[in-house]
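Heads up, the thing below is written out as structure tokens.
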Amino acid sequence: MKLICLFLGHHWDYCICRRCSKTRDQHHKWDGCKCQVCGKTRDQDHDWNGCKCRRCFKIRDQHHDYVSVGTHEEYIGSENQGGVEWGFYENVTTYRCSRCGHEEKNRSGSTRVQQDGIV
Ligand SMILES: [Zn+2]
Ligand SMILES: [Zn+2]
Ligand SMILES: [Zn+2]
Ligand SMILES: [Zn+2]
């Protein structure tokens, strides 16, 4: 703190003192969710670009930009039908958000495969 601030009080311009650069947590100059003066962020008025805020880079669990990263089969179980052992597999496609990396799995249909060696 500069002596002049000590005697005269701070010279506040929004949330910052123009003389000694001290900041206070009030009277911010909000530009959406971010203070233009001190860079503090608040959890409102975000500038969403899909799931990510352009200003403070906060992530929300909505509006992800999913791209498919692969499909695989997941074993569910087996069942004996008419003396034949069948294995059931589900098709699982994994999607990943290109902005934040959030993953989502989409299960679509199942396939039936005759198990090896058991007839
Ligand atoms: Zn000051
Ligand atoms: Zn501020
Ligand atoms: Zn934000
Ligand atoms: Zn995302």
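Ordering of the structure tokens sets the chain letters (A, B, ...); residue numbers start at 1 within each chain; ligands are numbered from 1 in the order shown.
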Per residue of chain A within 8 Å of ligand 1, note the shortest atom pair and the distance in Å to one decimal, counting only C-alpha atoms and all ligand atoms, and order the rows by chain and increasing residue number, as CSV.
```
residue,atom,partner,partner_atom_place_in_ligand_line,distance
A:Met1,CA,ligand 1,1 (Zn),5.9
A:Lys2,CA,ligand 1,1 (Zn),6.3
A:Ile4,CA,ligand 1,1 (Zn),7.7
A:Cys5,CA,ligand 1,1 (Zn),4.6
A:Leu6,CA,ligand 1,1 (Zn),7.5
A:Gly9,CA,ligand 1,1 (Zn),6.7
A:His10,CA,ligand 1,1 (Zn),3.8
A:His11,CA,ligand 1,1 (Zn),5.8
A:Trp12,CA,ligand 1,1 (Zn),7.4
A:Ile16,CA,ligand 1,1 (Zn),7.9
A:Cys17,CA,ligand 1,1 (Zn),4.6
A:Arg18,CA,ligand 1,1 (Zn),6.6
A:Arg19,CA,ligand 1,1 (Zn),5.0
A:Cys20,CA,ligand 1,1 (Zn),4.2
A:Ser21,CA,ligand 1,1 (Zn),6.2
A:Lys22,CA,ligand 1,1 (Zn),5.6
```
Emit the selected residues as a PDB file, in the first residue's frame, including C-alpha atoms.
```pdb
ATOM      1  CA  MET A   1       0.000   0.000   0.000  1.00  0.00           C
ATOM      2  CA  LYS A   2       1.281   3.436  -0.853  1.00  0.00           C
ATOM      3  CA  ILE A   4      -0.910   8.313  -0.007  1.00  0.00           C
ATOM      4  CA  CYS A   5      -3.546   5.548  -0.035  1.00  0.00           C
ATOM      5  CA  LEU A   6      -3.008   5.134   3.677  1.00  0.00           C
ATOM      6  CA  GLY A   9      -7.843   6.184   1.084  1.00  0.00           C
ATOM      7  CA  HIS A  10      -7.617   4.210  -2.129  1.00  0.00           C
ATOM      8  CA  HIS A  11      -8.428   5.733  -5.458  1.00  0.00           C
ATOM      9  CA  TRP A  12     -10.910   3.103  -6.592  1.00  0.00           C
ATOM     10  CA  ILE A  16      -8.861  -1.742  -8.410  1.00  0.00           C
ATOM     11  CA  CYS A  17      -6.959   1.115  -6.844  1.00  0.00           C
ATOM     12  CA  ARG A  18      -5.364   3.188  -9.580  1.00  0.00           C
ATOM     13  CA  ARG A  19      -2.527   4.236  -7.305  1.00  0.00           C
ATOM     14  CA  CYS A  20      -1.393   1.014  -5.636  1.00  0.00           C
ATOM     15  CA  SER A  21      -3.150  -1.674  -7.720  1.00  0.00           C
ATOM     16  CA  LYS A  22      -4.850  -3.174  -4.698  1.00  0.00           C
TER      17      LYS A  22
END
```
*Could you tell me, as a PyMOL selection string, which residues of chain A DSSP assigns to helix (DSSP H, G or I) when given the backbone?*
chain A and resi 3-8
Those residues with all heavy atoms, as a short mmCIF file (atom, residue, chain, number, x, y, z; two decimals), in the first residue's frame please?
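Result went into selection-v4.cif, see below:
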```
data_model
loop_
_atom_site.label_atom_id
_atom_site.label_comp_id
_atom_site.auth_asym_id
_atom_site.auth_seq_id
_atom_site.Cartn_x
_atom_site.Cartn_y
_atom_site.Cartn_z
N LEU A 3 1.73 5.14 0.74
CA LEU A 3 1.42 6.02 1.86
C LEU A 3 0.23 6.93 1.57
O LEU A 3 -0.62 7.16 2.42
CB LEU A 3 2.64 6.87 2.21
CG LEU A 3 3.61 6.23 3.22
CD1 LEU A 3 4.78 7.17 3.47
CD2 LEU A 3 2.89 5.92 4.53
N ILE A 4 0.17 7.39 0.34
CA ILE A 4 -0.91 8.31 -0.01
C ILE A 4 -2.27 7.63 0.12
O ILE A 4 -3.27 8.24 0.52
CB ILE A 4 -0.70 8.92 -1.43
CG1 ILE A 4 -1.71 10.04 -1.67
CG2 ILE A 4 -0.74 7.86 -2.50
CD1 ILE A 4 -1.43 10.87 -2.91
N CYS A 5 -2.31 6.31 -0.21
CA CYS A 5 -3.55 5.55 -0.04
C CYS A 5 -3.89 5.40 1.44
O CYS A 5 -5.04 5.42 1.84
CB CYS A 5 -3.43 4.17 -0.67
SG CYS A 5 -3.37 4.20 -2.46
N LEU A 6 -2.81 5.28 2.24
CA LEU A 6 -3.01 5.13 3.68
C LEU A 6 -3.65 6.39 4.25
O LEU A 6 -4.54 6.33 5.10
CB LEU A 6 -1.65 4.88 4.33
CG LEU A 6 -1.64 4.36 5.76
CD1 LEU A 6 -2.31 2.99 5.82
CD2 LEU A 6 -0.21 4.25 6.27
N PHE A 7 -3.22 7.53 3.75
CA PHE A 7 -3.74 8.79 4.29
C PHE A 7 -5.04 9.21 3.64
O PHE A 7 -5.96 9.68 4.30
CB PHE A 7 -2.69 9.91 4.14
CG PHE A 7 -1.52 9.71 5.05
CD1 PHE A 7 -0.24 9.52 4.54
CD2 PHE A 7 -1.70 9.70 6.44
CE1 PHE A 7 0.84 9.32 5.38
CE2 PHE A 7 -0.62 9.51 7.29
CZ PHE A 7 0.65 9.32 6.76
N LEU A 8 -5.12 9.07 2.35
CA LEU A 8 -6.30 9.59 1.64
C LEU A 8 -7.34 8.52 1.30
O LEU A 8 -8.42 8.82 0.83
CB LEU A 8 -5.87 10.27 0.33
CG LEU A 8 -4.92 11.46 0.47
CD1 LEU A 8 -4.50 11.95 -0.92
CD2 LEU A 8 -5.58 12.59 1.25
#
```
*Choose the residue, out of A:Asp25, A:Asp47, A:Glu103, A:Ile76, that has the smallest atom-to-atom separation from ligand 3; count only C-alpha atoms and all ligand atoms.*
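The shortest atom-to-atom distance to ligand 3 comes from A:Asp47.
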*Throw together the list of residues within 8 Å of ligand 2, counting only C-alpha atoms and all ligand atoms, and drop it here as a PyMOL selection string.*
chain A and resi 14-16+23-30+34-40
Selection above as a file: N, CA and C atoms, as a PDB file, in the first residue's frame:
```
ATOM      1  N   TYR A  14     -13.532   1.077 -10.319  1.00  0.00           N
ATOM      2  CA  TYR A  14     -14.182  -0.229 -10.246  1.00  0.00           C
ATOM      3  C   TYR A  14     -13.624  -0.999  -9.049  1.00  0.00           C
ATOM      4  N   CYS A  15     -12.908  -2.127  -9.310  1.00  0.00           N
ATOM      5  CA  CYS A  15     -12.457  -2.959  -8.191  1.00  0.00           C
ATOM      6  C   CYS A  15     -10.976  -2.789  -7.905  1.00  0.00           C
ATOM      7  N   ILE A  16     -10.317  -1.874  -8.586  1.00  0.00           N
ATOM      8  CA  ILE A  16      -8.861  -1.742  -8.410  1.00  0.00           C
ATOM      9  C   ILE A  16      -8.485  -0.314  -8.008  1.00  0.00           C
ATOM     10  N   THR A  23      -6.708  -4.659  -5.155  1.00  0.00           N
ATOM     11  CA  THR A  23      -8.052  -4.944  -5.659  1.00  0.00           C
ATOM     12  C   THR A  23      -9.001  -5.234  -4.506  1.00  0.00           C
ATOM     13  N   ARG A  24     -10.283  -5.026  -4.764  1.00  0.00           N
ATOM     14  CA  ARG A  24     -11.313  -5.347  -3.771  1.00  0.00           C
ATOM     15  C   ARG A  24     -12.363  -6.212  -4.461  1.00  0.00           C
ATOM     16  N   ASP A  25     -13.064  -6.971  -3.663  1.00  0.00           N
ATOM     17  CA  ASP A  25     -14.038  -7.887  -4.231  1.00  0.00           C
ATOM     18  C   ASP A  25     -15.428  -7.255  -4.295  1.00  0.00           C
ATOM     19  N   GLN A  26     -15.486  -6.099  -4.901  1.00  0.00           N
ATOM     20  CA  GLN A  26     -16.773  -5.441  -5.129  1.00  0.00           C
ATOM     21  C   GLN A  26     -16.619  -4.434  -6.262  1.00  0.00           C
ATOM     22  N   HIS A  27     -17.747  -4.004  -6.789  1.00  0.00           N
ATOM     23  CA  HIS A  27     -17.758  -3.052  -7.901  1.00  0.00           C
ATOM     24  C   HIS A  27     -16.918  -3.516  -9.096  1.00  0.00           C
ATOM     25  N   HIS A  28     -16.996  -4.792  -9.403  1.00  0.00           N
ATOM     26  CA  HIS A  28     -16.267  -5.285 -10.567  1.00  0.00           C
ATOM     27  C   HIS A  28     -16.878  -4.737 -11.851  1.00  0.00           C
ATOM     28  N   LYS A  29     -16.069  -4.731 -12.873  1.00  0.00           N
ATOM     29  CA  LYS A  29     -16.561  -4.300 -14.184  1.00  0.00           C
ATOM     30  C   LYS A  29     -16.866  -5.559 -14.988  1.00  0.00           C
ATOM     31  N   TRP A  30     -18.049  -6.098 -14.774  1.00  0.00           N
ATOM     32  CA  TRP A  30     -18.392  -7.384 -15.370  1.00  0.00           C
ATOM     33  C   TRP A  30     -18.596  -7.290 -16.874  1.00  0.00           C
ATOM     34  N   LYS A  34     -16.819 -12.424 -16.457  1.00  0.00           N
ATOM     35  CA  LYS A  34     -15.450 -12.082 -16.095  1.00  0.00           C
ATOM     36  C   LYS A  34     -15.274 -10.577 -15.891  1.00  0.00           C
ATOM     37  N   CYS A  35     -14.520 -10.235 -14.867  1.00  0.00           N
ATOM     38  CA  CYS A  35     -14.251  -8.822 -14.614  1.00  0.00           C
ATOM     39  C   CYS A  35     -13.142  -8.350 -15.554  1.00  0.00           C
ATOM     40  N   GLN A  36     -13.421  -7.285 -16.280  1.00  0.00           N
ATOM     41  CA  GLN A  36     -12.438  -6.770 -17.243  1.00  0.00           C
ATOM     42  C   GLN A  36     -11.230  -6.156 -16.553  1.00  0.00           C
ATOM     43  N   VAL A  37     -11.409  -5.775 -15.313  1.00  0.00           N
ATOM     44  CA  VAL A  37     -10.336  -5.080 -14.600  1.00  0.00           C
ATOM     45  C   VAL A  37      -9.379  -6.037 -13.892  1.00  0.00           C
ATOM     46  N   CYS A  38      -9.930  -6.939 -13.062  1.00  0.00           N
ATOM     47  CA  CYS A  38      -9.043  -7.798 -12.264  1.00  0.00           C
ATOM     48  C   CYS A  38      -9.042  -9.255 -12.717  1.00  0.00           C
ATOM     49  N   GLY A  39      -9.950  -9.622 -13.644  1.00  0.00           N
ATOM     50  CA  GLY A  39      -9.941 -10.993 -14.156  1.00  0.00           C
ATOM     51  C   GLY A  39     -10.711 -11.986 -13.315  1.00  0.00           C
ATOM     52  N   LYS A  40     -11.346 -11.533 -12.255  1.00  0.00           N
ATOM     53  CA  LYS A  40     -12.152 -12.435 -11.428  1.00  0.00           C
ATOM     54  C   LYS A  40     -13.336 -12.945 -12.245  1.00  0.00           C
TER      55      LYS A  40
END
```
*How many Å separate atom CA of A:Glu73 from atom CA of A:Arg96?*
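Between these atoms lies a distance of 17.5 Å.
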Produce a table with one row for each residue of chain A that has an atom at most 10 Å from any atom of ligand 3, each row naming the nearest atom pair and its distance in Å at one decimal; use only C-alpha atoms and all ligand atoms; arrange rows by chain and rising residue number; format as a tab-separated table.
```
residue	atom	partner	partner_atom_place_in_ligand_line	distance
A:Asp31	CA	ligand 3	1 (Zn)	9.6
A:Gly32	CA	ligand 3	1 (Zn)	7.2
A:Cys33	CA	ligand 3	1 (Zn)	4.7
A:Lys34	CA	ligand 3	1 (Zn)	6.6
A:Thr41	CA	ligand 3	1 (Zn)	6.9
A:Arg42	CA	ligand 3	1 (Zn)	7.1
A:Asp43	CA	ligand 3	1 (Zn)	6.7
A:Gln44	CA	ligand 3	1 (Zn)	7.0
A:Asp45	CA	ligand 3	1 (Zn)	6.9
A:His46	CA	ligand 3	1 (Zn)	3.9
A:Asp47	CA	ligand 3	1 (Zn)	5.8
A:Trp48	CA	ligand 3	1 (Zn)	7.3
A:Asn49	CA	ligand 3	1 (Zn)	9.9
A:Lys52	CA	ligand 3	1 (Zn)	7.9
A:Cys53	CA	ligand 3	1 (Zn)	4.6
A:Arg54	CA	ligand 3	1 (Zn)	6.5
A:Arg55	CA	ligand 3	1 (Zn)	5.0
A:Cys56	CA	ligand 3	1 (Zn)	4.2
A:Phe57	CA	ligand 3	1 (Zn)	6.0
A:Lys58	CA	ligand 3	1 (Zn)	5.6
A:Ile59	CA	ligand 3	1 (Zn)	8.5
A:Arg60	CA	ligand 3	1 (Zn)	9.9
```
_Write out as a PyMOL selection string the set of residues from chain A that DSSP, computed on the backbone, places in strand (DSSP E)._
chain A and resi 12-13+16-17+30-31+34-35+48-49+52-53+66-81+84-97+103-114
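Ranking A:Asn106, A:Ser78, A:Ser98, A:Gln114 by their shortest atom-to-atom distance to ligand 4, with only C-alpha atoms and all ligand atoms included, puts A:Ser98 first.
Using only C-alpha atoms, the residues found no farther than 12 Å from A:Thr111, other than those of its own chain fewer than 4 positions away, are His72, Glu73, Glu74, Tyr75, Ile76, Gly77, Ser78, Trp86, Gly87, Phe88, Tyr89, Glu90, Asn91, Val92 and Arg107 of chain A.
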*With only C-alpha atoms as the basis for distance, which of A:Val84, A:Val113, A:Cys97, A:Cys51 is at the shortest distance from A:Tyr66?*
A:Cys97
*asked:* Neighbours of ligand 4 at 6 Å or closer, counting only C-alpha atoms and all ligand atoms: which residues, as a VMD selection string?
replied: chain A and resid 51 64 to 65 97 99 to 100 102
Write the residues you've just listed into a file as a compact mmCIF listing (two decimals), in the first residue's frame, and include all heavy atoms for each of them.
```
# COMPACT_ATOMS: atom_id res chain seq x y z
N CYS A 51 -20.16 -26.48 -24.83
CA CYS A 51 -20.11 -26.79 -23.39
C CYS A 51 -19.10 -25.93 -22.66
O CYS A 51 -18.90 -26.06 -21.47
CB CYS A 51 -19.73 -28.26 -23.22
SG CYS A 51 -18.13 -28.68 -23.96
N HIS A 64 -22.43 -30.78 -25.46
CA HIS A 64 -21.11 -31.24 -25.85
C HIS A 64 -21.05 -31.44 -27.36
O HIS A 64 -22.07 -31.66 -28.01
CB HIS A 64 -20.77 -32.56 -25.16
CG HIS A 64 -20.59 -32.42 -23.68
ND1 HIS A 64 -19.56 -31.72 -23.11
CD2 HIS A 64 -21.34 -32.89 -22.65
CE1 HIS A 64 -19.68 -31.77 -21.79
NE2 HIS A 64 -20.75 -32.46 -21.48
N ASP A 65 -19.86 -31.37 -27.89
CA ASP A 65 -19.64 -31.53 -29.32
C ASP A 65 -19.03 -32.91 -29.56
O ASP A 65 -17.83 -33.06 -29.71
CB ASP A 65 -18.66 -30.45 -29.80
CG ASP A 65 -19.20 -29.77 -31.04
OD1 ASP A 65 -20.10 -30.36 -31.68
OD2 ASP A 65 -18.73 -28.67 -31.36
N CYS A 97 -16.23 -35.55 -26.48
CA CYS A 97 -16.44 -34.13 -26.79
C CYS A 97 -15.12 -33.52 -27.25
O CYS A 97 -14.09 -33.65 -26.58
CB CYS A 97 -16.95 -33.39 -25.56
SG CYS A 97 -17.10 -31.62 -25.83
N ARG A 99 -14.32 -30.53 -27.34
CA ARG A 99 -13.91 -29.36 -26.56
C ARG A 99 -13.35 -29.72 -25.20
O ARG A 99 -12.32 -29.23 -24.79
CB ARG A 99 -15.10 -28.41 -26.37
CG ARG A 99 -15.45 -27.65 -27.62
CD ARG A 99 -16.31 -26.46 -27.31
NE ARG A 99 -16.68 -25.79 -28.55
CZ ARG A 99 -17.73 -26.16 -29.27
NH1 ARG A 99 -18.51 -27.12 -28.87
NH2 ARG A 99 -17.99 -25.54 -30.39
N CYS A 100 -14.07 -30.58 -24.46
CA CYS A 100 -13.65 -30.83 -23.07
C CYS A 100 -13.24 -32.28 -22.81
O CYS A 100 -12.76 -32.60 -21.74
CB CYS A 100 -14.77 -30.44 -22.12
SG CYS A 100 -16.18 -31.58 -22.14
N HIS A 102 -15.14 -34.89 -22.56
CA HIS A 102 -16.19 -35.68 -21.90
C HIS A 102 -16.62 -36.84 -22.81
O HIS A 102 -16.77 -36.65 -24.00
CB HIS A 102 -17.38 -34.78 -21.60
CG HIS A 102 -18.47 -35.46 -20.83
ND1 HIS A 102 -19.54 -36.07 -21.44
CD2 HIS A 102 -18.64 -35.63 -19.50
CE1 HIS A 102 -20.32 -36.59 -20.51
NE2 HIS A 102 -19.81 -36.33 -19.32
```
